[in-house]
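Undergrad: Here it is, the structure, as structure tokens.
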Amino acid sequence: MHESKLSYLVDPMREMLFQAQDVLRSYKERSGVMLAGLSCDFLPAEVLASFGVVPVRIPAHLRIGRCGDGPAFDRDLLARFPYDFYVEPAGCRALSSTVGIAAPVHEFRVPAGYGETARVLRHEEIVGLMTKAGAPGMDPSSLRGHADEYNAMRRLVRGILSVRAAKPELLSHEDLSVLIEAASALPPVSVIEPLALVLRELNSGGSGPGGSGMVPAMVYGGFLGDAGVLDLIEEEGVLIAEDDLCGGRRHFDLSINTSAEDLLLEILDAFTYRPLCPRVRSGRERFDLLYKLLKSHGIDLVIFIAEGSCGCRAEGIEFLRVRLMREGVDPLVVTGEDAPETVRRYLKSR
């Protein structure tokens, strides 16, 4: 099923990721911005960009371990990248491997809760982070332009994911993971055009049976070393319609009303409702912000990939499993190795 007929369109972004240090260095020299290397996605990028800082996630091919449980990145490879500083959530040890290299590591305390109180605290934390990092002061006049750019990039990714769900034979999950990573690890200006090309071809591409007859599901896990396991799951008859993976599609959920009178408030408030990582969000908050909504989106199956998850994600599985059953959503715990067989048995028993 997963021939990935449009895989050739993804190859340029795959190459950009392997040449990310050069792409980022060139971008930095042209734009004059500071670059912040993030262990994962937990900061409103357009707000930091208005301070003259572009936050980008550290590429997956630099990973050597599980985020949060110790050094997650190759120190020698990191040293080749032109990041001015790194940011990790308070309490996470993912960037402990950067100790001793030139760029400093700053912690960011992610406020609990959502709404006004969390918004005010997040704003204070961002201002404090920018001060520590030596960033230029905020330029409010640039915020709308940055918000438009990030909005455009996120819409393209969401569009690709939406169309691909109806035409899964056109792009594999291995290819989707490249698109998602490129849009997270590189500046929007580098990826908007190739993403737009993929979306155009997806829209015009033909389709066989598509996702009809498949069981829609959400998949949960850490940073997948090989997204091909998702393709193997789909070959059994399950459509991966959503994910709660580290570095997955949740990064692109946010949609901003860029015409809002107080755009900074709009962005910060919207960001407080993101489920984020279980290391910085309680299980209850993540359930309320994401999992409680699954049935309304036609999803009644969550596949937990336990293998490779960091401690906080592994601990969250049991919490979510119990609550999902109470909501009428089936939880299925698998490993990368036994996922196809476990899914096959589940579908036979439905």
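The chains in the structure tokens are called A, B, ... from first to last as shown; in each chain the residues are counted from 1, and the ligands are counted from 1 in the order shown.
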Tell me which protein, DNA and RNA residues are within 8 Å of Glu266 (chain A), counting only C-alpha atoms, leaving out same-chain ones fewer than 4 positions away, and put them as a ChimeraX atom specification.

TA: /A:256-257,260,262,270

Undergrad: Per residue of region 168-249 of chain A within 10 Å of region 160-163 of chain A, which atom pair is closest and at what distance in Å (one decimal), using only C-alpha atoms, listed by chain and increasing number, as a Markdown table?

TA:
```
| residue | atom | partner | partner_atom | distance |
| --- | --- | --- | --- | --- |
| A:Pro168 | CA | A:Val163 | CA | 8.3 |
| A:Leu170 | CA | A:Val163 | CA | 9.6 |
| A:Leu171 | CA | A:Ile160 | CA | 9.5 |
| A:Leu176 | CA | A:Leu161 | CA | 8.0 |
| A:Leu179 | CA | A:Ile160 | CA | 9.3 |
| A:Ile180 | CA | A:Leu161 | CA | 9.7 |
| A:Leu195 | CA | A:Ile160 | CA | 8.1 |
| A:Ala196 | CA | A:Ile160 | CA | 8.8 |
| A:Val198 | CA | A:Ile160 | CA | 7.3 |
| A:Leu199 | CA | A:Ile160 | CA | 5.3 |
| A:Arg200 | CA | A:Ile160 | CA | 8.9 |
| A:Glu201 | CA | A:Ile160 | CA | 9.8 |
| A:Leu202 | CA | A:Val163 | CA | 6.7 |
| A:Asn203 | CA | A:Val163 | CA | 6.8 |
| A:Ala241 | CA | A:Leu161 | CA | 8.3 |
| A:Glu242 | CA | A:Leu161 | CA | 9.0 |
| A:Arg249 | CA | A:Leu161 | CA | 8.5 |
```

Undergrad: Counting only C-alpha atoms, what are the residues of region 200-306 of chain A within 9 Å of region 94-116 of chain A, and for each of them which pair of atoms is the nearest and at what distance in Å, to one decimal? Sort the table by chain and rising number, as CSV.

TA:
```
residue,atom,partner,partner_atom,distance
A:Asp269,CA,A:Gly115,CA,6.0
A:Ala270,CA,A:Gly115,CA,8.1
A:Phe271,CA,A:Tyr114,CA,8.5
A:Thr272,CA,A:Tyr114,CA,4.8
A:Tyr273,CA,A:Tyr114,CA,5.6
A:Arg274,CA,A:Tyr114,CA,8.6
A:Val280,CA,A:Val110,CA,6.3
A:Arg281,CA,A:Ala112,CA,6.7
A:Ser282,CA,A:Ala112,CA,8.0
A:Glu285,CA,A:Gly113,CA,7.3
```

Undergrad: Nearest residue to Leu224 (chain A) out of A:Gly65, A:Gly128, A:Gly328, A:Pro188, using only C-alpha atoms?

TA: A:Gly65

Undergrad: Using Å and a single decimal, report how far CA of Glu125 (chain A) sits from CA of Val54 (chain A).

TA: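 According to the coordinates, CA of Val54 (chain A) and CA of Glu125 (chain A) are separated by 16.6 Å.
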
Undergrad: Quick one: DSSP strand (DSSP E or B) residues in region 4-225 of chain A, as a list in words?

TA: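 In region 4-225 of chain A, DSSP puts these residues in strand (DSSP E or B): Met34, Leu35, Ala36, Gly37, Leu38, Val53, Val54, Pro55, Val56, Arg57, Arg63, Phe73, Phe85, Tyr86, Val87, Glu88, Pro89, Val105, His106, Glu107, Phe108, Val215, Pro216, Ala217, Met218, Val219, Tyr220 and Gly221 of chain A.
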
Undergrad: Hey, which of A:Leu62, A:Ala20, A:Leu78, A:Met138 ends up closest to Ala49 (chain A)? Count only C-alpha atoms.

TA: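 Going through A:Leu62, A:Ala20, A:Leu78, A:Met138 one by one, the smallest distance to Ala49 (chain A) is for A:Met138.
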
Undergrad: Take CA of Leu35 (chain A) and CA of Phe85 (chain A) and report the distance between them in Å, one decimal.

TA: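 According to the coordinates, CA of Leu35 (chain A) and CA of Phe85 (chain A) are separated by 7.0 Å.
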
Undergrad: Excluding same-chain residues fewer than 6 positions from Pro278 (chain A), what lies within 9 Å of it counting only C-alpha atoms, as a list in words?

TA: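 That gives Arg286, Cys312, Arg313 and Gly316 of chain A.
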
Undergrad: Residues of region 154-203 of chain A within 12 Å of region 142-150 of chain A: nearest atom pair and distance (Å, one decimal) for each, counting only C-alpha atoms, sorted by chain and number, as a tab-separated table?

TA:
```
residue	atom	partner	partner_atom	distance
A:Arg154	CA	A:Tyr150	CA	6.1
A:Arg155	CA	A:Tyr150	CA	8.5
A:Leu156	CA	A:Tyr150	CA	9.9
A:Val157	CA	A:Tyr150	CA	10.8
A:Ala183	CA	A:Tyr150	CA	9.8
A:Ser184	CA	A:Tyr150	CA	10.6
A:Leu186	CA	A:Tyr150	CA	11.7
A:Pro187	CA	A:Tyr150	CA	9.2
A:Pro188	CA	A:Tyr150	CA	6.5
A:Val189	CA	A:Glu149	CA	7.9
A:Ser190	CA	A:Glu149	CA	11.2
A:Val191	CA	A:Tyr150	CA	10.8
A:Ile192	CA	A:Glu149	CA	8.7
A:Glu193	CA	A:Glu149	CA	11.7
```

Undergrad: How about saving the chosen residues, all heavy atoms kept, as an mmCIF file, in the first residue's frame?

TA:
```cif
data_model
loop_
_atom_site.group_PDB
_atom_site.id
_atom_site.type_symbol
_atom_site.label_atom_id
_atom_site.label_comp_id
_atom_site.auth_asym_id
_atom_site.auth_seq_id
_atom_site.Cartn_x
_atom_site.Cartn_y
_atom_site.Cartn_z
ATOM 1 N N ARG A 154 2.455 26.428 8.933
ATOM 2 C CA ARG A 154 1.645 25.454 9.664
ATOM 3 C C ARG A 154 0.435 25.009 8.835
ATOM 4 O O ARG A 154 0.063 23.835 8.846
ATOM 5 C CB ARG A 154 1.176 26.051 10.991
ATOM 6 C CG ARG A 154 2.300 26.279 12.000
ATOM 7 C CD ARG A 154 1.781 27.002 13.214
ATOM 8 N NE ARG A 154 2.845 27.354 14.134
ATOM 9 C CZ ARG A 154 2.972 28.539 14.725
ATOM 10 N NH1 ARG A 154 2.082 29.491 14.500
ATOM 11 N NH2 ARG A 154 3.979 28.777 15.544
ATOM 12 N N ARG A 155 -0.183 25.939 8.107
ATOM 13 C CA ARG A 155 -1.328 25.575 7.267
ATOM 14 C C ARG A 155 -0.917 24.584 6.185
ATOM 15 O O ARG A 155 -1.660 23.655 5.861
ATOM 16 C CB ARG A 155 -1.942 26.825 6.623
ATOM 17 C CG ARG A 155 -2.886 27.601 7.540
ATOM 18 C CD ARG A 155 -3.757 28.551 6.742
ATOM 19 N NE ARG A 155 -2.965 29.506 5.979
ATOM 20 C CZ ARG A 155 -2.603 30.710 6.423
ATOM 21 N NH1 ARG A 155 -2.967 31.096 7.633
ATOM 22 N NH2 ARG A 155 -1.900 31.510 5.658
ATOM 23 N N LEU A 156 0.262 24.791 5.618
ATOM 24 C CA LEU A 156 0.741 23.874 4.589
ATOM 25 C C LEU A 156 0.928 22.462 5.156
ATOM 26 O O LEU A 156 0.519 21.473 4.537
ATOM 27 C CB LEU A 156 2.058 24.386 4.003
ATOM 28 C CG LEU A 156 1.957 25.584 3.059
ATOM 29 C CD1 LEU A 156 3.340 26.152 2.761
ATOM 30 C CD2 LEU A 156 1.258 25.187 1.761
ATOM 31 N N VAL A 157 1.542 22.372 6.335
ATOM 32 C CA VAL A 157 1.751 21.050 6.934
ATOM 33 C C VAL A 157 0.407 20.410 7.271
ATOM 34 O O VAL A 157 0.184 19.220 6.987
ATOM 35 C CB VAL A 157 2.640 21.146 8.184
ATOM 36 C CG1 VAL A 157 2.755 19.779 8.863
ATOM 37 C CG2 VAL A 157 4.029 21.652 7.823
ATOM 38 N N ALA A 183 10.095 21.166 8.710
ATOM 39 C CA ALA A 183 9.320 22.345 9.090
ATOM 40 C C ALA A 183 9.551 22.747 10.539
ATOM 41 O O ALA A 183 9.206 23.867 10.933
ATOM 42 C CB ALA A 183 7.828 22.080 8.858
ATOM 43 N N SER A 184 10.138 21.857 11.347
ATOM 44 C CA SER A 184 10.433 22.160 12.747
ATOM 45 C C SER A 184 11.880 22.585 12.959
ATOM 46 O O SER A 184 12.170 23.388 13.837
ATOM 47 C CB SER A 184 10.163 20.928 13.628
ATOM 48 O OG SER A 184 8.842 20.481 13.491
ATOM 49 N N LEU A 186 14.065 23.802 10.546
ATOM 50 C CA LEU A 186 14.572 24.815 9.628
ATOM 51 C C LEU A 186 13.648 26.034 9.649
ATOM 52 O O LEU A 186 12.467 25.912 9.961
ATOM 53 C CB LEU A 186 14.651 24.250 8.212
ATOM 54 C CG LEU A 186 15.558 23.013 8.029
ATOM 55 C CD1 LEU A 186 15.391 22.437 6.632
ATOM 56 C CD2 LEU A 186 17.011 23.356 8.312
ATOM 57 N N PRO A 187 14.142 27.207 9.316
ATOM 58 C CA PRO A 187 13.296 28.406 9.293
ATOM 59 C C PRO A 187 12.184 28.274 8.252
ATOM 60 O O PRO A 187 12.381 27.610 7.219
ATOM 61 C CB PRO A 187 14.278 29.532 8.907
ATOM 62 C CG PRO A 187 15.635 28.990 9.211
ATOM 63 C CD PRO A 187 15.553 27.506 8.980
ATOM 64 N N PRO A 188 11.030 28.878 8.489
ATOM 65 C CA PRO A 188 9.904 28.757 7.550
ATOM 66 C C PRO A 188 10.267 29.132 6.112
ATOM 67 O O PRO A 188 9.818 28.469 5.176
ATOM 68 C CB PRO A 188 8.862 29.723 8.122
ATOM 69 C CG PRO A 188 9.152 29.764 9.579
ATOM 70 C CD PRO A 188 10.645 29.650 9.694
ATOM 71 N N VAL A 189 11.089 30.154 5.940
ATOM 72 C CA VAL A 189 11.432 30.600 4.589
ATOM 73 C C VAL A 189 12.109 29.493 3.787
ATOM 74 O O VAL A 189 12.032 29.473 2.553
ATOM 75 C CB VAL A 189 12.321 31.864 4.647
ATOM 76 C CG1 VAL A 189 13.700 31.545 5.225
ATOM 77 C CG2 VAL A 189 12.448 32.520 3.289
ATOM 78 N N SER A 190 12.763 28.560 4.468
ATOM 79 C CA SER A 190 13.465 27.471 3.783
ATOM 80 C C SER A 190 12.533 26.365 3.318
ATOM 81 O O SER A 190 12.887 25.604 2.403
ATOM 82 C CB SER A 190 14.531 26.866 4.709
ATOM 83 O OG SER A 190 15.469 27.821 5.131
ATOM 84 N N VAL A 191 11.368 26.243 3.950
ATOM 85 C CA VAL A 191 10.516 25.078 3.684
ATOM 86 C C VAL A 191 9.166 25.404 3.073
ATOM 87 O O VAL A 191 8.493 24.501 2.572
ATOM 88 C CB VAL A 191 10.296 24.251 4.979
ATOM 89 C CG1 VAL A 191 11.615 23.705 5.491
ATOM 90 C CG2 VAL A 191 9.600 25.078 6.049
ATOM 91 N N ILE A 192 8.739 26.655 3.098
ATOM 92 C CA ILE A 192 7.392 26.984 2.621
ATOM 93 C C ILE A 192 7.203 26.591 1.159
ATOM 94 O O ILE A 192 6.193 25.975 0.783
ATOM 95 C CB ILE A 192 7.081 28.483 2.846
ATOM 96 C CG1 ILE A 192 6.728 28.717 4.320
ATOM 97 C CG2 ILE A 192 5.947 28.948 1.953
ATOM 98 C CD1 ILE A 192 6.430 30.158 4.673
ATOM 99 N N GLU A 193 8.149 26.918 0.314
ATOM 100 C CA GLU A 193 7.999 26.596 -1.115
ATOM 101 C C GLU A 193 7.965 25.094 -1.378
ATOM 102 O O GLU A 193 7.058 24.614 -2.070
ATOM 103 C CB GLU A 193 9.112 27.259 -1.925
ATOM 104 C CG GLU A 193 8.920 27.109 -3.421
ATOM 105 C CD GLU A 193 9.943 27.894 -4.229
ATOM 106 O OE1 GLU A 193 10.471 28.896 -3.707
ATOM 107 O OE2 GLU A 193 10.210 27.492 -5.377
#
```

Undergrad: Can you measure CA of Arg326 (chain A) to CA of Ile299 (chain A) for me? One decimal in Å is fine.

TA: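 CA of Ile299 (chain A) lies at a distance of 14.4 Å from CA of Arg326 (chain A).
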
Undergrad: When you look at Tyr83 (chain A) with a cut-off of 9 Å (counting only C-alpha atoms), what residues show up, excluding the ones that are within fewer than 6 positions of it in the same chain? I need them as a count of residues only.

TA: 7

Undergrad: Counting only C-alpha atoms, give me one row per residue of region 192-263 of chain A with an atom at most 10 Å from an atom of region 329-340 of chain A, showing the shortest contact pair and its distance in Å to one decimal, sorted by chain then residue number, as a Markdown table.

TA:
```
| residue | atom | partner | partner_atom | distance |
| --- | --- | --- | --- | --- |
| A:Ala217 | CA | A:Asp330 | CA | 9.5 |
| A:Met218 | CA | A:Pro331 | CA | 9.7 |
| A:Val219 | CA | A:Leu332 | CA | 9.4 |
| A:Tyr220 | CA | A:Val333 | CA | 9.3 |
| A:Gly221 | CA | A:Thr335 | CA | 9.9 |
| A:Leu224 | CA | A:Gly336 | CA | 9.2 |
| A:Gly225 | CA | A:Gly336 | CA | 9.8 |
| A:Asp226 | CA | A:Gly336 | CA | 9.0 |
| A:Ala227 | CA | A:Gly336 | CA | 9.7 |
| A:Gly228 | CA | A:Gly336 | CA | 9.5 |
| A:Val229 | CA | A:Gly336 | CA | 6.2 |
| A:Leu230 | CA | A:Ala339 | CA | 8.8 |
| A:Asp231 | CA | A:Pro340 | CA | 9.4 |
| A:Leu232 | CA | A:Pro340 | CA | 6.0 |
| A:Ile233 | CA | A:Pro340 | CA | 5.2 |
| A:Glu234 | CA | A:Pro340 | CA | 8.4 |
| A:Glu235 | CA | A:Pro340 | CA | 8.1 |
| A:Glu236 | CA | A:Pro340 | CA | 6.5 |
| A:Gly237 | CA | A:Pro340 | CA | 9.8 |
| A:Val238 | CA | A:Pro340 | CA | 9.9 |
```

Undergrad: Taking the DSSP assignment computed from this structure's backbone, write out as a VMD selection string all residues of region 104-302 of chain A that belong to alpha helix (DSSP H).

TA: chain A and resid 116 to 133 140 to 166 173 to 185 188 to 204 228 to 235 263 to 271 283 to 289

Undergrad: Store the residues picked out above, limited to C-alpha atoms, as a compact mmCIF listing (two decimals), in the first residue's frame.

TA:
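again-v1.txt written:
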```
# COMPACT_ATOMS: atom_id res chain seq x y z
CA GLU A 116 -4.82 34.18 31.41
CA THR A 117 -2.61 33.21 34.35
CA ALA A 118 -0.51 30.83 32.25
CA ARG A 119 -0.32 33.44 29.48
CA VAL A 120 1.03 36.16 31.78
CA LEU A 121 3.60 33.80 33.31
CA ARG A 122 4.69 32.55 29.87
CA HIS A 123 5.22 36.12 28.68
CA GLU A 124 7.36 36.89 31.72
CA GLU A 125 9.41 33.73 31.15
CA ILE A 126 9.98 34.61 27.49
CA VAL A 127 11.15 38.13 28.32
CA GLY A 128 13.47 36.68 30.97
CA LEU A 129 14.82 34.10 28.51
CA MET A 130 15.50 36.73 25.85
CA THR A 131 17.31 38.90 28.40
CA LYS A 132 19.52 36.00 29.52
CA ALA A 133 20.28 35.12 25.93
CA PRO A 140 6.25 44.70 18.04
CA SER A 141 5.91 45.97 14.46
CA SER A 142 7.51 42.78 13.13
CA LEU A 143 5.24 40.39 15.03
CA ARG A 144 2.42 40.32 12.48
CA GLY A 145 4.78 39.52 9.61
CA HIS A 146 6.37 36.67 11.57
CA ALA A 147 2.94 35.38 12.59
CA ASP A 148 1.79 35.38 8.96
CA GLU A 149 4.89 33.41 7.93
CA TYR A 150 4.54 30.76 10.64
CA ASN A 151 0.79 30.55 10.04
CA ALA A 152 1.42 29.88 6.35
CA MET A 153 3.93 27.15 7.13
CA ARG A 154 1.65 25.45 9.66
CA ARG A 155 -1.33 25.58 7.27
CA LEU A 156 0.74 23.87 4.59
CA VAL A 157 1.75 21.05 6.93
CA ARG A 158 -1.81 20.63 8.18
CA GLY A 159 -3.03 20.61 4.60
CA ILE A 160 -0.54 17.90 3.64
CA LEU A 161 -1.56 15.76 6.61
CA SER A 162 -5.26 16.22 5.86
CA VAL A 163 -5.03 15.34 2.16
CA ARG A 164 -2.63 12.48 2.85
CA ALA A 165 -5.19 10.93 5.21
CA ALA A 166 -7.53 10.60 2.22
CA HIS A 173 4.94 8.03 7.12
CA GLU A 174 8.67 7.92 6.58
CA ASP A 175 8.25 10.76 4.11
CA LEU A 176 5.78 12.61 6.33
CA SER A 177 8.30 12.48 9.18
CA VAL A 178 10.85 14.24 6.94
CA LEU A 179 8.36 17.01 6.08
CA ILE A 180 7.43 17.49 9.72
CA GLU A 181 11.04 17.55 10.87
CA ALA A 182 12.14 19.98 8.16
CA ALA A 183 9.32 22.35 9.09
CA SER A 184 10.43 22.16 12.75
CA ALA A 185 14.22 22.21 12.40
CA PRO A 188 9.90 28.76 7.55
CA VAL A 189 11.43 30.60 4.59
CA SER A 190 13.46 27.47 3.78
CA VAL A 191 10.52 25.08 3.68
CA ILE A 192 7.39 26.98 2.62
CA GLU A 193 8.00 26.60 -1.12
CA PRO A 194 8.81 22.84 -1.10
CA LEU A 195 5.88 22.19 1.28
CA ALA A 196 3.55 24.10 -1.07
CA LEU A 197 4.75 21.96 -3.98
CA VAL A 198 4.01 18.74 -2.06
CA LEU A 199 0.52 19.96 -1.16
CA ARG A 200 -0.25 20.93 -4.77
CA GLU A 201 0.82 17.51 -6.03
CA LEU A 202 -1.13 15.74 -3.29
CA ASN A 203 -4.26 17.66 -4.21
CA SER A 204 -3.89 16.86 -7.91
CA GLY A 228 8.37 3.06 9.09
CA VAL A 229 6.64 1.31 12.01
CA LEU A 230 3.64 3.57 11.33
CA ASP A 231 3.56 2.35 7.73
CA LEU A 232 3.60 -1.25 8.96
CA ILE A 233 0.67 -0.46 11.27
CA GLU A 234 -1.27 1.08 8.39
CA GLU A 235 -0.67 -1.97 6.22
CA LEU A 263 -1.69 39.92 18.45
CA LEU A 264 0.82 39.16 21.21
CA LEU A 265 -2.01 38.31 23.62
CA GLU A 266 -3.69 36.19 20.92
CA ILE A 267 -0.54 34.13 20.30
CA LEU A 268 0.41 33.65 23.92
CA ASP A 269 -3.12 32.74 24.96
CA ALA A 270 -3.51 30.20 22.16
CA PHE A 271 -0.16 28.67 23.05
CA GLY A 283 -1.36 13.93 32.55
CA ARG A 284 -4.71 15.43 33.51
CA GLU A 285 -4.08 18.64 31.56
CA ARG A 286 -2.87 16.73 28.50
CA PHE A 287 -5.92 14.48 28.64
CA ASP A 288 -8.30 17.45 28.85
CA LEU A 289 -6.55 19.38 26.06
```
